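One file, data.pdb, carrying PDB, C-alpha atoms, pLDDT in the B column:
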ATOM      1  CA  MET I 248    -160.595-266.051  81.560  1.00 60.00           C
ATOM      2  CA  ILE I 249    -159.904-262.324  81.124  1.00 63.00           C
ATOM      3  CA  LYS I 250    -161.041-262.386  77.490  1.00 69.00           C
ATOM      4  CA  SER I 251    -164.330-264.130  78.277  1.00 77.00           C
ATOM      5  CA  MET I 252    -164.961-261.901  81.318  1.00 90.00           C
ATOM      6  CA  TYR I 253    -163.744-258.706  79.696  1.00 90.00           C
ATOM      7  CA  PRO I 254    -167.144-256.951  79.873  1.00 94.00           C
ATOM      8  CA  PHE I 255    -167.014-257.264  83.652  1.00 95.00           C
ATOM      9  CA  TRP I 256    -163.360-256.186  83.910  1.00 94.00           C
ATOM     10  CA  SER I 257    -163.778-253.255  81.537  1.00 96.00           C
ATOM     11  CA  ALA I 258    -166.749-252.065  83.602  1.00 97.00           C
ATOM     12  CA  ILE I 259    -164.825-252.329  86.874  1.00 97.00           C
ATOM     13  CA  LEU I 260    -161.735-250.659  85.436  1.00 97.00           C
ATOM     14  CA  SER I 261    -163.849-247.833  83.989  1.00 97.00           C
ATOM     15  CA  ALA I 262    -165.470-247.131  87.357  1.00 96.00           C
ATOM     16  CA  LEU I 263    -162.112-247.214  89.150  1.00 97.00           C
ATOM     17  CA  LEU I 264    -160.478-244.919  86.604  1.00 97.00           C
ATOM     18  CA  ALA I 265    -163.385-242.485  86.859  1.00 96.00           C
ATOM     19  CA  GLN I 266    -162.968-242.373  90.642  1.00 96.00           C
ATOM     20  CA  LEU I 267    -159.214-241.843  90.272  1.00 96.00           C
ATOM     21  CA  LEU I 268    -159.758-239.043  87.756  1.00 96.00           C
ATOM     22  CA  LYS I 269    -162.191-237.089  89.959  1.00 94.00           C
ATOM     23  CA  PRO I 270    -159.610-235.535  92.331  1.00 94.00           C
ATOM     24  CA  ILE I 271    -157.226-234.897  89.425  1.00 95.00           C
ATOM     25  CA  ILE I 272    -159.875-233.065  87.404  1.00 94.00           C
ATOM     26  CA  TYR I 273    -160.952-231.184  90.539  1.00 92.00           C
ATOM     27  CA  TYR I 274    -157.332-230.126  91.105  1.00 94.00           C
ATOM     28  CA  ILE I 275    -156.972-228.931  87.516  1.00 94.00           C
ATOM     29  CA  ARG I 276    -160.121-226.811  87.861  1.00 92.00           C
ATOM     30  CA  HIS I 277    -159.622-225.460  91.406  1.00 92.00           C
ATOM     31  CA  ARG I 278    -155.872-225.805  92.092  1.00 95.00           C
ATOM     32  CA  LYS I 279    -156.760-227.601  95.297  1.00 94.00           C
ATOM     33  CA  TRP I 280    -156.676-231.310  96.135  1.00 93.00           C
ATOM     34  CA  LYS I 281    -159.885-232.928  97.317  1.00 90.00           C
ATOM     35  CA  LEU I 282    -158.985-236.570  97.895  1.00 86.00           C
ATOM     36  CA  GLN I 283    -162.432-237.309  99.362  1.00 86.00           C
ATOM     37  CA  LEU I 284    -163.584-237.429  95.723  1.00 85.00           C
ATOM     38  CA  LEU I 285    -161.838-240.816  95.428  1.00 86.00           C
ATOM     39  CA  ILE I 286    -164.758-242.347  97.330  1.00 86.00           C
ATOM     40  CA  ASP I 287    -167.537-239.809  96.753  1.00 80.00           C
ATOM     41  CA  SER I 288    -170.352-240.084  94.275  1.00 77.00           C
ATOM     42  CA  GLY I 289    -170.933-237.149  91.960  1.00 79.00           C
ATOM     43  CA  GLY I 290    -168.255-235.209  90.132  1.00 84.00           C
ATOM     44  CA  MET I 291    -166.425-235.494  86.829  1.00 90.00           C
ATOM     45  CA  PRO I 292    -166.498-238.062  85.282  1.00 94.00           C
ATOM     46  CA  SER I 293    -169.471-240.124  86.385  1.00 93.00           C
ATOM     47  CA  SER I 294    -168.189-243.499  87.551  1.00 93.00           C
ATOM     48  CA  HIS I 295    -171.713-244.924  87.388  1.00 92.00           C
ATOM     49  CA  THR I 296    -171.971-243.944  83.735  1.00 95.00           C
ATOM     50  CA  ALA I 297    -168.442-245.161  82.994  1.00 97.00           C
ATOM     51  CA  LEU I 298    -169.248-248.575  84.487  1.00 97.00           C
ATOM     52  CA  VAL I 299    -172.543-249.170  82.672  1.00 98.00           C
ATOM     53  CA  SER I 300    -171.377-247.731  79.353  1.00 98.00           C
ATOM     54  CA  ALA I 301    -168.257-249.934  79.411  1.00 98.00           C
ATOM     55  CA  LEU I 302    -170.413-252.928  80.286  1.00 98.00           C
ATOM     56  CA  ALA I 303    -172.960-252.282  77.532  1.00 98.00           C
ATOM     57  CA  MET I 304    -170.315-251.534  74.898  1.00 98.00           C
ATOM     58  CA  SER I 305    -168.252-254.595  75.872  1.00 97.00           C
ATOM     59  CA  VAL I 306    -171.278-256.876  75.755  1.00 97.00           C
ATOM     60  CA  GLY I 307    -172.300-255.408  72.401  1.00 97.00           C
ATOM     61  CA  LEU I 308    -168.819-255.981  70.977  1.00 96.00           C
ATOM     62  CA  GLN I 309    -168.496-259.497  72.392  1.00 94.00           C
ATOM     63  CA  GLU I 310    -172.049-260.818  71.992  1.00 94.00           C
ATOM     64  CA  ARG I 311    -173.209-258.577  69.102  1.00 95.00           C
ATOM     65  CA  PHE I 312    -175.311-255.483  69.322  1.00 97.00           C
ATOM     66  CA  SER I 313    -178.387-257.439  68.211  1.00 97.00           C
ATOM     67  CA  SER I 314    -178.202-259.889  71.150  1.00 97.00           C
ATOM     68  CA  THR I 315    -180.684-260.068  73.993  1.00 97.00           C
ATOM     69  CA  ILE I 316    -177.936-259.639  76.571  1.00 97.00           C
ATOM     70  CA  PHE I 317    -176.863-256.377  74.904  1.00 97.00           C
ATOM     71  CA  ALA I 318    -180.466-255.158  75.116  1.00 98.00           C
ATOM     72  CA  VAL I 319    -180.494-256.003  78.828  1.00 98.00           C
ATOM     73  CA  THR I 320    -177.205-254.212  79.522  1.00 98.00           C
ATOM     74  CA  MET I 321    -178.298-251.224  77.438  1.00 97.00           C
ATOM     75  CA  ALA I 322    -181.558-250.983  79.398  1.00 98.00           C
ATOM     76  CA  LEU I 323    -179.579-251.163  82.636  1.00 97.00           C
ATOM     77  CA  ALA I 324    -177.245-248.419  81.369  1.00 97.00           C
ATOM     78  CA  VAL I 325    -180.143-246.134  80.454  1.00 96.00           C
ATOM     79  CA  ILE I 326    -181.712-246.575  83.911  1.00 94.00           C
ATOM     80  CA  VAL I 327    -178.444-245.952  85.766  1.00 92.00           C
ATOM     81  CA  ILE I 328    -177.544-242.919  83.644  1.00 92.00           C
ATOM     82  CA  TYR I 329    -181.035-241.444  84.009  1.00 89.00           C
ATOM     83  CA  ASP I 330    -180.880-241.998  87.763  1.00 86.00           C
ATOM     84  CA  ALA I 331    -177.410-240.424  88.047  1.00 83.00           C
ATOM     85  CA  ALA I 332    -178.369-237.390  85.967  1.00 80.00           C
ATOM     86  CA  ASN I 333    -181.850-236.762  87.249  1.00 77.00           C
ATOM     87  CA  VAL I 334    -183.072-238.517  90.387  1.00 71.00           C
ATOM     88  CA  ARG I 335    -179.789-238.404  92.313  1.00 66.00           C
ATOM     89  CA  TYR I 336    -178.801-234.954  91.012  1.00 68.00           C
ATOM     90  CA  TYR I 337    -182.080-233.348  92.054  1.00 70.00           C
ATOM     91  CA  SER I 338    -181.999-235.163  95.393  1.00 72.00           C
ATOM     92  CA  GLY I 339    -178.696-233.411  96.040  1.00 69.00           C
ATOM     93  CA  GLN I 340    -180.214-230.072  95.050  1.00 72.00           C
ATOM     94  CA  ASN I 341    -183.163-230.696  97.396  1.00 74.00           C
ATOM     95  CA  ILE I 342    -180.743-231.370 100.249  1.00 75.00           C
ATOM     96  CA  ARG I 343    -178.974-228.057  99.584  1.00 77.00           C
ATOM     97  CA  VAL I 344    -182.263-226.118  99.561  1.00 80.00           C
ATOM     98  CA  THR I 345    -183.554-227.860 102.687  1.00 78.00           C
ATOM     99  CA  GLN I 346    -180.368-227.134 104.630  1.00 76.00           C
ATOM    100  CA  GLN I 347    -180.511-223.471 103.599  1.00 80.00           C
ATOM    101  CA  LEU I 348    -184.167-223.237 104.669  1.00 81.00           C
ATOM    102  CA  VAL I 349    -183.378-224.666 108.112  1.00 78.00           C
ATOM    103  CA  LYS I 350    -180.472-222.216 108.466  1.00 78.00           C
ATOM    104  CA  ASP I 351    -182.645-219.267 107.401  1.00 81.00           C
ATOM    105  CA  VAL I 352    -185.462-220.182 109.782  1.00 80.00           C
ATOM    106  CA  GLN I 353    -183.019-220.576 112.678  1.00 76.00           C
ATOM    107  CA  GLU I 354    -181.418-217.191 111.922  1.00 79.00           C
ATOM    108  CA  ASN I 355    -184.777-215.423 111.576  1.00 80.00           C
ATOM    109  CA  LEU I 356    -186.107-216.934 114.799  1.00 74.00           C
ATOM    110  CA  HIS I 357    -182.750-216.448 116.557  1.00 72.00           C
ATOM    111  CA  THR I 358    -182.904-219.981 117.875  1.00 75.00           C
ATOM    112  CA  GLU I 359    -181.400-223.409 117.392  1.00 75.00           C
ATOM    113  CA  PHE I 360    -183.679-226.378 116.895  1.00 73.00           C
ATOM    114  CA  ASP I 361    -183.206-228.993 119.632  1.00 73.00           C
ATOM    115  CA  ASP I 362    -184.060-232.001 117.500  1.00 74.00           C
ATOM    116  CA  PRO I 363    -180.809-233.672 116.314  1.00 74.00           C
ATOM    117  CA  ILE I 364    -182.330-234.193 112.876  1.00 71.00           C
ATOM    118  CA  TYR I 365    -181.653-230.520 112.145  1.00 68.00           C
ATOM    119  CA  GLN I 366    -177.971-230.941 113.014  1.00 69.00           C
ATOM    120  CA  THR I 367    -177.477-233.833 110.591  1.00 70.00           C
ATOM    121  CA  LYS I 368    -174.967-232.972 107.883  1.00 69.00           C
ATOM    122  CA  LEU I 369    -176.256-234.341 104.604  1.00 66.00           C
ATOM    123  CA  LYS I 370    -174.268-234.939 101.468  1.00 62.00           C
ATOM    124  CA  GLU I 371    -175.130-232.307  98.899  1.00 59.00           C
ATOM    125  CA  VAL I 372    -173.498-233.864  95.833  1.00 58.00           C
ATOM    126  CA  LEU I 373    -175.184-237.111  94.920  1.00 63.00           C
ATOM    127  CA  GLY I 374    -175.705-237.052  91.198  1.00 70.00           C
ATOM    128  CA  HIS I 375    -174.232-235.631  88.037  1.00 77.00           C
ATOM    129  CA  LYS I 376    -174.540-232.821  85.564  1.00 84.00           C
ATOM    130  CA  TRP I 377    -174.849-233.870  81.929  1.00 87.00           C
ATOM    131  CA  LYS I 378    -171.226-232.979  81.142  1.00 92.00           C
ATOM    132  CA  GLU I 379    -170.118-235.357  83.925  1.00 91.00           C
ATOM    133  CA  ILE I 380    -172.369-238.038  82.447  1.00 93.00           C
ATOM    134  CA  PHE I 381    -170.819-237.445  79.028  1.00 96.00           C
ATOM    135  CA  GLY I 382    -167.317-237.736  80.534  1.00 96.00           C
ATOM    136  CA  GLY I 383    -168.212-241.094  82.073  1.00 96.00           C
ATOM    137  CA  LEU I 384    -169.785-242.249  78.821  1.00 97.00           C
ATOM    138  CA  VAL I 385    -166.665-241.429  76.801  1.00 97.00           C
ATOM    139  CA  LEU I 386    -164.394-243.039  79.407  1.00 98.00           C
ATOM    140  CA  GLY I 387    -166.475-246.225  79.565  1.00 98.00           C
ATOM    141  CA  ILE I 388    -166.671-246.607  75.799  1.00 97.00           C
ATOM    142  CA  MET I 389    -162.930-245.976  75.411  1.00 97.00           C
ATOM    143  CA  ILE I 390    -162.037-248.594  78.044  1.00 97.00           C
ATOM    144  CA  ALA I 391    -164.390-251.128  76.443  1.00 96.00           C
ATOM    145  CA  LEU I 392    -162.806-250.539  73.036  1.00 96.00           C
ATOM    146  CA  ILE I 393    -159.284-250.817  74.462  1.00 94.00           C
ATOM    147  CA  PHE I 394    -160.179-254.072  76.204  1.00 89.00           C
ATOM    148  CA  HIS I 395    -161.859-255.473  73.101  1.00 91.00           C
ATOM    149  CA  PHE I 396    -159.203-254.601  70.555  1.00 91.00           C
ATOM    150  CA  GLY I 397    -156.217-254.649  72.913  1.00 84.00           C
ATOM    151  CA  LEU I 398    -156.601-258.102  74.487  1.00 61.00           C
TER     152      LEU I 398
END
Take the structure in the file and write it out as structure tokens.
Amino acid sequence: MIKSMYPFWSAILSALLAQLLKPIIYYIRHRKWKLQLLIDSGGMPSSHTALVSALAMSVGLQERFSSTIFAVTMALAVIVIYDAANVRYYSGQNIRVTQQLVKDVQENLHTEFDDPIYQTKLKEVLGHKWKEIFGGLVLGIMIALIFHFGL
């Protein structure tokens, strides 16, 4: 069962390991624990990238890299990685800019906006930088190889 389903399990394990590594890597960089990273998106390494790269690599190893199912998983991986690195990353940047604009306007007008929409705290980190993508890619490929050759 595990051997036949190993693409699924390597993908899940890769995503979980990426999430577990995020607070550890953050601690190494900042000397401060941020356990919220266990459940947050964004950060190093990309769990989205780890999941889809492990899935694509595992399917390629199990079903051959010339198979249709590998092509499907590779296409899925490209879409997810592109989304994580571009669409979601720049959405996070837009949130940061928008919040700063609201703050600046309120300070310049010396007023608070009454509408609760302006009080909404939005998540700034949604996507990934390319080095975070690369970290997830390496992690996912390594887990897929360990599963394939280790089981």
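Compared by their closest atoms to Asp287 in chain I, and using only C-alpha atoms, the residues I:Lys269, I:Val334, I:Ile275, I:Ile390 rank with I:Lys269 nearest.
A straight line drawn from CA of His295 in chain I to CA of Ala322 in chain I is 14.1 Å long.
Nearest to Asn333 in chain I of all the residues I:His357, I:Lys279, I:His395, I:Lys376 is I:Lys376, counting all atoms listed in the file.
Reported to one decimal place, the separation of CA of Leu302 in chain I from CA of Ile316 in chain I is 10.7 Å.
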re CA of Ala391 in chain I and CA of Trp280 in chain I: distance 29.0 Å
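For the set I:Val344, I:Ile393, I:Leu298, I:Leu284, the residue with the smallest atom-to-atom gap to Met321 in chain I is I:Leu298, counting only C-alpha atoms.
Counting only C-alpha atoms, the residue from I:Gln283, I:Ser251, I:Ser294, I:Gln309 that sits nearest to Gly387 in chain I is I:Ser294.
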When the PyMOL selection byres ((chain I and resi 349) around 12) is applied to the structure above, which residues does it catch, written out as a PyMOL selection string?
chain I and resi 342-348+350-360+362+364-368
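Nearest to Tyr337 in chain I of all the residues I:Ser293, I:Pro270, I:Gly374, I:Ile380 is I:Gly374, based on only C-alpha atoms.
Shortest atom-to-atom contact with Val299 in chain I among I:Tyr274, I:Phe312, I:Phe255, I:Phe394: I:Phe255, counting only C-alpha atoms.
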Would you kindly return, as number ranges by chain, each protein, DNA or RNA residue with an atom no farther than 6 Å from any atom of His375 in chain I, considering only C-alpha atoms and excluding same-chain residues fewer than 4 positions away?
I: 289, 331-332, 336, 379
Would you kindly return, as a count of residues only, each protein, DNA or RNA residue with an atom no farther than 10 Å from any atom of Leu323 in chain I, considering only C-alpha atoms and excluding same-chain residues fewer than 4 positions away?
10
Centre and edges of the range 264-275 of chain I box, axis-aligned, 3 Å extra per side, as JSON:
{"center_x": -160.2, "center_y": -236.9, "center_z": 89.5, "size_x": 12.4, "size_y": 22.0, "size_z": 11.7}
